[in-house]
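Enquirer: My structure is in upload18.pdb, and what it holds is PDB, C-alpha atoms:
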ATOM      1  CA  MET A 889     150.284 -37.510 220.401
ATOM      2  CA  THR A 890     149.501 -41.096 221.390
ATOM      3  CA  SER A 891     148.619 -43.842 218.909
ATOM      4  CA  SER A 892     145.048 -43.994 220.235
ATOM      5  CA  SER A 893     144.488 -40.288 219.574
ATOM      6  CA  ARG A 894     145.901 -40.698 216.079
ATOM      7  CA  ASP A 895     143.379 -43.523 215.485
ATOM      8  CA  VAL A 896     140.496 -41.378 216.717
ATOM      9  CA  ALA A 897     141.188 -38.487 214.304
ATOM     10  CA  PRO A 898     140.613 -40.519 211.085
ATOM     11  CA  LYS A 899     137.389 -41.942 212.541
ATOM     12  CA  GLU A 900     136.115 -38.443 213.305
ATOM     13  CA  GLN A 901     137.073 -37.295 209.832
ATOM     14  CA  THR A 902     135.244 -40.265 208.332
ATOM     15  CA  ARG A 903     132.111 -39.488 210.332
ATOM     16  CA  ALA A 904     132.265 -35.824 209.303
ATOM     17  CA  ALA A 905     132.731 -36.767 205.631
ATOM     18  CA  LEU A 906     129.793 -39.189 205.753
ATOM     19  CA  LEU A 907     127.658 -36.515 207.417
ATOM     20  CA  PHE A 908     128.384 -34.055 204.615
ATOM     21  CA  LEU A 909     127.762 -36.722 201.977
ATOM     22  CA  LEU A 910     124.454 -37.832 203.508
ATOM     23  CA  PRO A 911     122.285 -35.142 201.806
ATOM     24  CA  ALA A 912     123.734 -36.084 198.407
ATOM     25  CA  PHE A 913     123.085 -39.776 199.064
ATOM     26  CA  VAL A 914     119.490 -39.001 200.043
ATOM     27  CA  LEU A 915     118.895 -36.925 196.902
ATOM     28  CA  ILE A 916     120.420 -39.620 194.685
ATOM     29  CA  ALA A 917     118.362 -42.322 196.398
ATOM     30  CA  VAL A 918     115.090 -40.392 196.070
ATOM     31  CA  PHE A 919     115.462 -38.836 192.621
ATOM     32  CA  VAL A 920     117.729 -41.348 190.823
ATOM     33  CA  ALA A 921     117.775 -44.792 192.423
ATOM     34  CA  TYR A 922     114.072 -44.972 193.311
ATOM     35  CA  PRO A 923     112.809 -43.926 189.825
ATOM     36  CA  ILE A 924     115.119 -46.499 188.191
ATOM     37  CA  VAL A 925     113.901 -49.283 190.476
ATOM     38  CA  TYR A 926     110.285 -48.192 190.040
ATOM     39  CA  ALA A 927     110.624 -48.085 186.246
ATOM     40  CA  GLY A 928     112.104 -51.586 186.303
ATOM     41  CA  TRP A 929     109.208 -52.801 188.442
ATOM     42  CA  LEU A 930     106.592 -51.066 186.277
ATOM     43  CA  SER A 931     108.050 -52.701 183.163
ATOM     44  CA  PHE A 932     106.326 -55.939 184.170
ATOM     45  CA  PHE A 933     102.874 -54.350 184.216
ATOM     46  CA  ARG A 934     100.271 -52.954 181.846
ATOM     47  CA  TRP A 935      99.173 -49.575 183.192
ATOM     48  CA  ASP A 936      97.370 -46.587 181.691
ATOM     49  CA  GLY A 937      98.312 -44.228 184.506
ATOM     50  CA  ALA A 938      94.876 -44.240 186.133
ATOM     51  CA  SER A 939      93.602 -47.769 186.729
ATOM     52  CA  ALA A 940      95.325 -50.470 188.744
ATOM     53  CA  PRO A 941      98.455 -51.946 187.084
ATOM     54  CA  ALA A 942      98.013 -55.447 185.639
ATOM     55  CA  PHE A 943     100.952 -57.844 185.823
ATOM     56  CA  ILE A 944     101.929 -59.156 182.358
ATOM     57  CA  GLY A 945     105.402 -60.553 183.007
ATOM     58  CA  LEU A 946     107.884 -60.108 180.160
ATOM     59  CA  ASP A 947     105.305 -59.069 177.554
ATOM     60  CA  ASN A 948     106.541 -55.472 177.464
ATOM     61  CA  PHE A 949     110.127 -56.590 176.884
ATOM     62  CA  LEU A 950     109.065 -59.019 174.154
ATOM     63  CA  ARG A 951     107.076 -56.234 172.514
ATOM     64  CA  LEU A 952     110.084 -53.928 172.757
ATOM     65  CA  ALA A 953     112.360 -56.501 171.136
ATOM     66  CA  ALA A 954     110.023 -56.629 168.123
ATOM     67  CA  ASP A 955     109.298 -52.882 167.990
ATOM     68  CA  ALA A 956     110.818 -51.543 164.746
ATOM     69  CA  ILE A 957     110.167 -47.910 165.705
ATOM     70  CA  PHE A 958     112.136 -48.312 168.939
ATOM     71  CA  TRP A 959     115.158 -49.821 167.191
ATOM     72  CA  LYS A 960     115.111 -47.156 164.483
ATOM     73  CA  SER A 961     114.889 -44.501 167.194
ATOM     74  CA  LEU A 962     117.812 -46.070 169.029
ATOM     75  CA  GLY A 963     119.764 -46.129 165.759
ATOM     76  CA  ARG A 964     119.206 -42.375 165.396
ATOM     77  CA  ASN A 965     120.445 -41.826 168.952
ATOM     78  CA  ILE A 966     123.594 -43.769 168.091
ATOM     79  CA  LEU A 967     124.018 -41.741 164.906
ATOM     80  CA  ILE A 968     123.628 -38.524 166.906
ATOM     81  CA  ALA A 969     126.325 -39.775 169.298
ATOM     82  CA  ALA A 970     128.661 -40.562 166.391
ATOM     83  CA  THR A 971     128.172 -37.153 164.806
ATOM     84  CA  ALA A 972     128.633 -35.514 168.220
ATOM     85  CA  ILE A 973     132.132 -36.993 168.461
ATOM     86  CA  VAL A 974     133.066 -35.373 165.128
ATOM     87  CA  LEU A 975     130.948 -32.206 164.955
ATOM     88  CA  GLN A 976     131.111 -31.337 168.650
ATOM     89  CA  VAL A 977     134.083 -32.910 170.430
ATOM     90  CA  PHE A 978     136.746 -33.028 167.677
ATOM     91  CA  LEU A 979     135.663 -29.732 166.113
ATOM     92  CA  ALA A 980     135.595 -28.108 169.563
ATOM     93  CA  LEU A 981     139.150 -29.289 170.249
ATOM     94  CA  LEU A 982     140.305 -27.908 166.902
ATOM     95  CA  ILE A 983     138.609 -24.558 167.580
ATOM     96  CA  ALA A 984     140.074 -24.445 171.091
ATOM     97  CA  TYR A 985     143.568 -25.016 169.708
ATOM     98  CA  CYS A 986     143.089 -22.189 167.211
ATOM     99  CA  LEU A 987     141.798 -19.831 169.897
ATOM    100  CA  VAL A 988     144.676 -20.564 172.278
ATOM    101  CA  ARG A 989     147.613 -21.106 169.918
ATOM    102  CA  ILE A 990     146.814 -19.170 166.714
ATOM    103  CA  VAL A 991     144.461 -16.244 167.452
ATOM    104  CA  PRO A 992     144.600 -15.743 171.243
ATOM    105  CA  PHE A 993     143.900 -12.005 170.866
ATOM    106  CA  VAL A 994     140.275 -12.713 169.854
ATOM    107  CA  SER A 995     139.703 -15.791 172.007
ATOM    108  CA  ARG A 996     137.479 -14.026 174.537
ATOM    109  CA  LEU A 997     135.232 -12.554 171.856
ATOM    110  CA  PHE A 998     134.817 -15.860 170.040
ATOM    111  CA  LEU A 999     134.289 -17.748 173.306
ATOM    112  CA  PHE A1000     131.396 -15.414 174.068
ATOM    113  CA  PHE A1001     129.745 -16.155 170.717
ATOM    114  CA  TYR A1002     130.282 -19.905 171.091
ATOM    115  CA  LEU A1003     128.807 -19.883 174.598
ATOM    116  CA  VAL A1004     125.632 -17.945 173.747
ATOM    117  CA  PRO A1005     123.706 -21.104 172.693
ATOM    118  CA  VAL A1006     124.837 -22.859 175.888
ATOM    119  CA  MET A1007     123.402 -20.056 178.031
ATOM    120  CA  VAL A1008     120.038 -20.022 176.230
ATOM    121  CA  SER A1009     117.280 -22.513 177.001
ATOM    122  CA  GLU A1010     117.063 -25.471 174.615
ATOM    123  CA  ILE A1011     113.361 -24.716 174.151
ATOM    124  CA  CYS A1012     114.187 -21.185 172.983
ATOM    125  CA  ILE A1013     116.883 -22.501 170.644
ATOM    126  CA  GLY A1014     114.452 -25.021 169.184
ATOM    127  CA  LEU A1015     111.811 -22.353 168.584
ATOM    128  CA  LEU A1016     114.411 -20.063 166.979
ATOM    129  CA  TRP A1017     115.576 -22.788 164.599
ATOM    130  CA  ARG A1018     111.989 -23.656 163.718
ATOM    131  CA  PHE A1019     111.675 -20.068 162.545
ATOM    132  CA  LEU A1020     114.957 -20.300 160.604
ATOM    133  CA  TYR A1021     113.852 -23.540 158.940
ATOM    134  CA  ASN A1022     110.387 -22.201 158.058
ATOM    135  CA  PRO A1023     109.796 -23.041 154.362
ATOM    136  CA  TYR A1024     107.993 -19.739 153.605
ATOM    137  CA  PHE A1025     109.842 -16.970 155.454
ATOM    138  CA  GLY A1026     112.761 -18.761 157.163
ATOM    139  CA  LEU A1027     116.307 -17.481 156.850
ATOM    140  CA  VAL A1028     117.665 -20.800 155.515
ATOM    141  CA  ASN A1029     115.508 -20.854 152.391
ATOM    142  CA  ALA A1030     115.848 -17.088 151.945
ATOM    143  CA  SER A1031     119.648 -17.403 152.019
ATOM    144  CA  LEU A1032     119.589 -20.224 149.473
ATOM    145  CA  LYS A1033     117.417 -18.131 147.158
ATOM    146  CA  ALA A1034     119.720 -15.116 147.524
ATOM    147  CA  LEU A1035     122.705 -17.303 146.611
ATOM    148  CA  GLY A1036     120.987 -18.588 143.487
ATOM    149  CA  LEU A1037     120.369 -21.995 145.038
ATOM    150  CA  GLY A1038     116.609 -21.783 145.106
ATOM    151  CA  TRP A1039     116.325 -25.330 143.820
ATOM    152  CA  LEU A1040     117.571 -26.493 147.236
ATOM    153  CA  GLN A1041     114.710 -24.834 149.101
ATOM    154  CA  ARG A1042     112.385 -27.174 150.940
ATOM    155  CA  GLY A1043     110.430 -27.657 154.147
ATOM    156  CA  TRP A1044     113.411 -28.861 156.130
ATOM    157  CA  LEU A1045     111.562 -30.072 159.219
ATOM    158  CA  GLY A1046     108.553 -31.384 157.286
ATOM    159  CA  ASP A1047     110.527 -33.483 154.811
ATOM    160  CA  SER A1048     111.303 -37.051 155.888
ATOM    161  CA  ALA A1049     114.640 -36.907 154.062
ATOM    162  CA  THR A1050     115.897 -33.735 155.785
ATOM    163  CA  ALA A1051     114.146 -33.586 159.183
ATOM    164  CA  PHE A1052     116.702 -35.681 161.055
ATOM    165  CA  PRO A1053     119.821 -34.064 159.484
ATOM    166  CA  ALA A1054     118.304 -30.659 160.271
ATOM    167  CA  VAL A1055     117.922 -31.665 163.925
ATOM    168  CA  VAL A1056     121.535 -32.907 164.064
ATOM    169  CA  VAL A1057     122.757 -29.544 162.752
ATOM    170  CA  VAL A1058     120.876 -27.735 165.522
ATOM    171  CA  MET A1059     122.294 -30.056 168.190
ATOM    172  CA  SER A1060     125.844 -29.550 166.944
ATOM    173  CA  PHE A1061     125.400 -25.773 166.945
ATOM    174  CA  THR A1062     123.857 -25.808 170.424
ATOM    175  CA  TYR A1063     126.414 -27.901 172.307
ATOM    176  CA  LEU A1064     129.622 -26.974 170.465
ATOM    177  CA  GLY A1065     130.337 -23.969 172.689
ATOM    178  CA  LEU A1066     130.357 -26.019 175.877
ATOM    179  CA  TYR A1067     133.082 -28.328 174.595
ATOM    180  CA  VAL A1068     135.062 -25.388 173.202
ATOM    181  CA  LEU A1069     135.098 -23.848 176.679
ATOM    182  CA  LEU A1070     136.221 -27.101 178.309
ATOM    183  CA  PHE A1071     138.944 -27.680 175.739
ATOM    184  CA  VAL A1072     140.227 -24.107 175.931
ATOM    185  CA  ALA A1073     140.921 -24.652 179.624
ATOM    186  CA  ALA A1074     142.671 -27.960 178.858
ATOM    187  CA  VAL A1075     144.804 -26.592 175.993
ATOM    188  CA  ARG A1076     145.936 -23.641 178.103
ATOM    189  CA  ASN A1077     147.350 -26.100 180.652
ATOM    190  CA  VAL A1078     149.650 -27.744 178.097
ATOM    191  CA  PRO A1079     153.261 -26.720 178.930
ATOM    192  CA  GLU A1080     154.517 -24.009 176.593
ATOM    193  CA  SER A1081     157.950 -25.648 176.508
ATOM    194  CA  LEU A1082     156.555 -28.521 174.446
ATOM    195  CA  TYR A1083     155.372 -26.177 171.712
ATOM    196  CA  GLU A1084     158.642 -24.222 171.798
ATOM    197  CA  THR A1085     160.632 -27.429 171.351
ATOM    198  CA  ALA A1086     158.397 -28.475 168.464
ATOM    199  CA  GLU A1087     158.873 -25.078 166.790
ATOM    200  CA  ILE A1088     162.652 -25.435 167.065
ATOM    201  CA  ASP A1089     162.305 -28.772 165.236
ATOM    202  CA  GLY A1090     160.303 -27.039 162.520
ATOM    203  CA  ALA A1091     156.899 -28.522 163.393
ATOM    204  CA  GLY A1092     153.822 -26.779 162.034
ATOM    205  CA  HIS A1093     150.401 -26.394 163.610
ATOM    206  CA  PHE A1094     149.174 -29.706 162.147
ATOM    207  CA  THR A1095     152.013 -31.641 163.797
ATOM    208  CA  LYS A1096     151.743 -29.747 167.066
ATOM    209  CA  PHE A1097     148.001 -30.350 167.220
ATOM    210  CA  PHE A1098     148.123 -34.118 166.715
ATOM    211  CA  SER A1099     151.507 -34.831 168.357
ATOM    212  CA  ILE A1100     151.304 -32.531 171.388
ATOM    213  CA  THR A1101     147.832 -31.139 172.009
ATOM    214  CA  VAL A1102     145.750 -34.278 171.495
ATOM    215  CA  PRO A1103     147.942 -36.567 173.679
ATOM    216  CA  MET A1104     148.279 -33.936 176.424
ATOM    217  CA  VAL A1105     144.532 -33.265 176.674
ATOM    218  CA  TRP A1106     143.445 -36.870 176.128
ATOM    219  CA  ASP A1107     141.779 -37.079 179.539
ATOM    220  CA  ALA A1108     139.639 -34.072 178.587
ATOM    221  CA  VAL A1109     138.881 -35.695 175.222
ATOM    222  CA  ARG A1110     137.728 -38.857 176.974
ATOM    223  CA  ALA A1111     135.564 -36.971 179.467
ATOM    224  CA  ASN A1112     133.969 -34.784 176.807
ATOM    225  CA  ALA A1113     133.386 -37.752 174.500
ATOM    226  CA  LEU A1114     131.559 -39.574 177.281
ATOM    227  CA  LEU A1115     129.545 -36.457 178.057
ATOM    228  CA  ALA A1116     128.580 -36.085 174.391
ATOM    229  CA  ILE A1117     127.632 -39.748 174.012
ATOM    230  CA  ILE A1118     125.510 -39.872 177.156
ATOM    231  CA  GLY A1119     123.792 -36.609 176.214
ATOM    232  CA  SER A1120     123.131 -37.899 172.684
ATOM    233  CA  LEU A1121     121.593 -41.152 173.895
ATOM    234  CA  LYS A1122     119.076 -39.328 176.111
ATOM    235  CA  THR A1123     118.414 -36.210 174.030
ATOM    236  CA  PHE A1124     114.834 -34.991 174.065
ATOM    237  CA  SER A1125     114.144 -31.234 174.197
ATOM    238  CA  LEU A1126     115.441 -30.123 170.798
ATOM    239  CA  VAL A1127     113.863 -33.044 168.933
ATOM    240  CA  PHE A1128     110.554 -32.532 170.716
ATOM    241  CA  VAL A1129     110.415 -28.804 169.926
ATOM    242  CA  LEU A1130     111.701 -29.043 166.354
ATOM    243  CA  THR A1131     109.850 -32.062 164.950
ATOM    244  CA  ASN A1132     108.276 -34.045 167.807
ATOM    245  CA  GLY A1133     109.820 -37.087 166.145
ATOM    246  CA  GLY A1134     108.095 -36.518 162.807
ATOM    247  CA  PRO A1135     107.244 -36.575 160.078
ATOM    248  CA  ASN A1136     106.107 -40.202 160.273
ATOM    249  CA  HIS A1137     108.791 -41.039 162.904
ATOM    250  CA  ALA A1138     111.549 -39.825 160.536
ATOM    251  CA  SER A1139     113.362 -38.000 163.349
ATOM    252  CA  GLU A1140     112.112 -40.078 166.273
ATOM    253  CA  VAL A1141     114.577 -40.732 169.098
ATOM    254  CA  VAL A1142     114.120 -42.986 172.110
ATOM    255  CA  SER A1143     113.109 -40.202 174.504
ATOM    256  CA  THR A1144     110.405 -38.786 172.238
ATOM    257  CA  TYR A1145     109.090 -42.289 171.546
ATOM    258  CA  LEU A1146     108.990 -42.926 175.296
ATOM    259  CA  TYR A1147     107.076 -39.670 175.836
ATOM    260  CA  LYS A1148     104.497 -40.563 173.197
ATOM    261  CA  ALA A1149     104.041 -44.068 174.572
ATOM    262  CA  GLY A1150     103.458 -42.767 178.085
ATOM    263  CA  PHE A1151     101.584 -39.490 177.608
ATOM    264  CA  SER A1152      99.925 -39.850 174.207
ATOM    265  CA  SER A1153      99.069 -43.557 174.122
ATOM    266  CA  PHE A1154      98.823 -43.815 177.928
ATOM    267  CA  GLU A1155     100.885 -47.003 178.001
ATOM    268  CA  MET A1156     102.860 -46.208 181.123
ATOM    269  CA  GLY A1157     104.114 -49.754 181.563
ATOM    270  CA  TYR A1158     105.521 -49.884 178.053
ATOM    271  CA  ALA A1159     106.974 -46.383 178.449
ATOM    272  CA  ALA A1160     108.712 -47.549 181.625
ATOM    273  CA  THR A1161     110.139 -50.482 179.663
ATOM    274  CA  ILE A1162     111.492 -48.110 177.017
ATOM    275  CA  GLY A1163     113.019 -45.876 179.681
ATOM    276  CA  PHE A1164     114.580 -48.783 181.541
ATOM    277  CA  ALA A1165     116.056 -50.176 178.321
ATOM    278  CA  GLN A1166     117.350 -46.713 177.421
ATOM    279  CA  MET A1167     119.079 -46.415 180.790
ATOM    280  CA  VAL A1168     120.710 -49.839 180.493
ATOM    281  CA  LEU A1169     121.854 -49.266 176.906
ATOM    282  CA  THR A1170     123.205 -45.802 177.750
ATOM    283  CA  ALA A1171     125.192 -47.154 180.700
ATOM    284  CA  ALA A1172     126.513 -50.039 178.606
ATOM    285  CA  GLY A1173     127.472 -47.733 175.737
ATOM    286  CA  ALA A1174     129.239 -45.309 178.071
ATOM    287  CA  PHE A1175     131.141 -48.184 179.687
ATOM    288  CA  VAL A1176     132.273 -49.594 176.333
ATOM    289  CA  ILE A1177     133.392 -46.191 175.038
ATOM    290  CA  PHE A1178     135.194 -45.431 178.305
ATOM    291  CA  ARG A1179     137.104 -48.714 178.148
ATOM    292  CA  TYR A1180     137.953 -48.159 174.489
ATOM    293  CA  LEU A1181     139.255 -44.623 175.084
ATOM    294  CA  LYS A1182     141.216 -45.788 178.114
ATOM    295  CA  ARG A1183     142.795 -48.595 176.084
ATOM    296  CA  ALA A1184     143.540 -46.168 173.233
ATOM    297  CA  ARG A1185     145.288 -43.850 175.692
ATOM    298  CA  GLY A1186     147.347 -46.783 177.037
ATOM    299  CA  GLY A1187     148.310 -47.797 173.503
ATOM    300  CA  SER A1188     149.432 -44.287 172.615
ATOM    301  CA  GLU A1189     151.548 -44.055 175.764
ATOM    302  CA  ARG A1190     153.316 -47.301 174.900
TER     303      ARG A1190
END
How would this structure read if it were set down as structure tokens?
Expert:
Amino acid sequence: MTSSSRDVAPKEQTRAALLFLLPAFVLIAVFVAYPIVYAGWLSFFRWDGASAPAFIGLDNFLRLAADAIFWKSLGRNILIAATAIVLQVFLALLIAYCLVRIVPFVSRLFLFFYLVPVMVSEICIGLLWRFLYNPYFGLVNASLKALGLGWLQRGWLGDSATAFPAVVVVMSFTYLGLYVLLFVAAVRNVPESLYETAEIDGAGHFTKFFSITVPMVWDAVRANALLAIIGSLKTFSLVFVLTNGGPNHASEVVSTYLYKAGFSSFEMGYAATIGFAQMVLTAAGAFVIFRYLKRARGGSER
């Protein structure tokens, strides 16, 4: 084969690859890039969704900077992300280790139960938990009464003090199974020889988990942590179905506040500003966490 023919082959492969990637680029441009650009453009206008947009410059951004409800909603998104790291990612890794290393004979059965919420629509899960939290005939209050803890009964989703924690519990229950499944696959790929060597040295499950499993599946930990954080910063469905951000904005998150601004108050320009800010803050948060986890991995390797 001549050098010219060898040069032609990579060019043909490049053209073929670009041809296969073209549909994905088109979809991303139409359904991702264009809405982001349009939202950024609309942020400089006052628009009710029907009349002609009126240019107002940076007024929407100045209003957003002084909007206490937005910042409280963003704070709840951040709190959801923090709890997701503990109640979803770390707990899922611990459960995955137990299923693979301690009780592998029941791993398939438990995986099925953990994955049921993942396979069910978030709307259905939200409606189910609204029934469970019902203050009159819900299972939560009925269980507390049966256990002699009737003094703890309350309207969980209608109480400003408990609405947001109740939503966080539902989110943790809903998404835990997904991370368990991902971590089970990662833990199963850890070489068995490492655990056998640790057992010869007398290491218990606690040592093997933190000294072998966590370092060996760190890439999966980083990926799942990013997935949990990004999902937490843009969560909408469960909050909307369970509380719609109430009562009195006690469980409001950025996405529900955006929805109300756009489709209840008909302030599409301000809603676009909220959405654009949410996108920027989510990207920035994901970047910071990714760099931190990457640096933590480098430090552990040294």
Enquirer: Here is a test: counting all atoms listed in the file, which residue of A:Phe1164, A:Tyr1021, A:Phe1098, A:Trp959 is nearest to His1137 (chain A)?
Expert: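 Checking each of A:Phe1164, A:Tyr1021, A:Phe1098, A:Trp959 against His1137 (chain A), counting all atoms listed in the file, the winner is A:Trp959.
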Enquirer: Given the file shown, enumerate the residues that the PyMOL selection byres ((chain A and resi 962-964) around 9) captures and present them as a PyMOL selection string.
Expert: chain A and resi 957-961+965-969+1052+1121+1139-1142+1166
Enquirer: Could you list as a PDB file with C-alpha atoms, in the frame of the given file every residue that has an atom within 12 Å of (150.7, -30.0, 167.5), using the file's coordinates and counting all atoms listed in the file?
Expert:
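And here's out.pdb as it stands now:
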ATOM      1  CA  LEU A 981     139.150 -29.289 170.249  1.00  0.00           C
ATOM      2  CA  LEU A 982     140.305 -27.908 166.902  1.00  0.00           C
ATOM      3  CA  TYR A 985     143.568 -25.016 169.708  1.00  0.00           C
ATOM      4  CA  CYS A 986     143.089 -22.189 167.211  1.00  0.00           C
ATOM      5  CA  ARG A 989     147.613 -21.106 169.918  1.00  0.00           C
ATOM      6  CA  ILE A 990     146.814 -19.170 166.714  1.00  0.00           C
ATOM      7  CA  VAL A1075     144.804 -26.592 175.993  1.00  0.00           C
ATOM      8  CA  VAL A1078     149.650 -27.744 178.097  1.00  0.00           C
ATOM      9  CA  GLU A1080     154.517 -24.009 176.593  1.00  0.00           C
ATOM     10  CA  LEU A1082     156.555 -28.521 174.446  1.00  0.00           C
ATOM     11  CA  TYR A1083     155.372 -26.177 171.712  1.00  0.00           C
ATOM     12  CA  GLU A1084     158.642 -24.222 171.798  1.00  0.00           C
ATOM     13  CA  THR A1085     160.632 -27.429 171.351  1.00  0.00           C
ATOM     14  CA  ALA A1086     158.397 -28.475 168.464  1.00  0.00           C
ATOM     15  CA  GLU A1087     158.873 -25.078 166.790  1.00  0.00           C
ATOM     16  CA  ASP A1089     162.305 -28.772 165.236  1.00  0.00           C
ATOM     17  CA  GLY A1090     160.303 -27.039 162.520  1.00  0.00           C
ATOM     18  CA  ALA A1091     156.899 -28.522 163.393  1.00  0.00           C
ATOM     19  CA  GLY A1092     153.822 -26.779 162.034  1.00  0.00           C
ATOM     20  CA  HIS A1093     150.401 -26.394 163.610  1.00  0.00           C
ATOM     21  CA  PHE A1094     149.174 -29.706 162.147  1.00  0.00           C
ATOM     22  CA  THR A1095     152.013 -31.641 163.797  1.00  0.00           C
ATOM     23  CA  LYS A1096     151.743 -29.747 167.066  1.00  0.00           C
ATOM     24  CA  PHE A1097     148.001 -30.350 167.220  1.00  0.00           C
ATOM     25  CA  PHE A1098     148.123 -34.118 166.715  1.00  0.00           C
ATOM     26  CA  SER A1099     151.507 -34.831 168.357  1.00  0.00           C
ATOM     27  CA  ILE A1100     151.304 -32.531 171.388  1.00  0.00           C
ATOM     28  CA  THR A1101     147.832 -31.139 172.009  1.00  0.00           C
ATOM     29  CA  VAL A1102     145.750 -34.278 171.495  1.00  0.00           C
ATOM     30  CA  PRO A1103     147.942 -36.567 173.679  1.00  0.00           C
ATOM     31  CA  MET A1104     148.279 -33.936 176.424  1.00  0.00           C
ATOM     32  CA  VAL A1105     144.532 -33.265 176.674  1.00  0.00           C
TER      33      VAL A1105
END
Enquirer: What do you get, as a list of chain:residue names, if you spell out every residue that the PyMOL selection byres ((chain A and resi 971) around 12) selects here?
Expert: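 Selected by the PyMOL selection byres ((chain A and resi 971) around 12) in this file: A:Arg964, A:Asn965, A:Ile966, A:Leu967, A:Ile968, A:Ala969, A:Ala970, A:Ala972, A:Ile973, A:Val974, A:Leu975, A:Gln976, A:Val977, A:Phe978, A:Leu979, A:Pro1053, A:Val1055, A:Val1056, A:Val1057, A:Val1058, A:Met1059, A:Ser1060, A:Phe1061, A:Leu1064, A:Ala1113, A:Ala1116, A:Ile1117, A:Ser1120, A:Leu1121.
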Enquirer: Can you work out the spacing between CA of Tyr1024 (chain A) and CA of Asn1132 (chain A) in Å, to one decimal?
Expert: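 Computing the Euclidean distance for CA of Tyr1024 (chain A) and CA of Asn1132 (chain A) yields 20.2 Å.
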Enquirer: On this structure, which residues satisfy the PyMOL selection byres ((chain A and resi 929-935) around 7), written as a list in words?
Expert: Val925, Tyr926, Ala927, Gly928, Asp936, Gly937, Ser939, Ala940, Pro941, Ala942, Phe943, Ile944, Gly945, Leu946, Asn948, Glu1155, Met1156, Gly1157, Tyr1158, Ala1160 and Thr1161 of chain A
Enquirer: Figure out the distance between CA of Val1168 (chain A) and CA of Phe949 (chain A), please, to one decimal in Å.
Expert: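 Result for CA of Phe949 (chain A) versus CA of Val1168 (chain A): 13.1 Å, one decimal.
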Enquirer: Within 10 Å of (112.5, -27.0, 161.8), in the coordinates the file gives, what residues turn up when you count only C-alpha atoms, written out as a list of chain:residue names?
Expert: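 Those within range, by chain then number, are A:Gly1014, A:Leu1015, A:Leu1016, A:Trp1017, A:Arg1018, A:Phe1019, A:Leu1020, A:Tyr1021, A:Asn1022, A:Pro1023, A:Gly1026, A:Gly1043, A:Trp1044, A:Leu1045, A:Gly1046, A:Asp1047, A:Thr1050, A:Ala1051, A:Phe1052, A:Ala1054, A:Val1055, A:Val1058, A:Leu1126, A:Val1127, A:Val1129, A:Leu1130, A:Thr1131.
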Enquirer: Calculate how many Å separate CA of Asp1107 (chain A) from CA of Tyr1063 (chain A), rounding to one decimal.
Expert: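 Answer for the CA of Asp1107 (chain A) to CA of Tyr1063 (chain A) separation: 19.3 Å.
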Enquirer: For Arg951 (chain A), which of A:Ala1074, A:Ala1049, A:Ala938, A:Ile1162 is the closest residue, counting all atoms listed in the file?
Expert: A:Ile1162
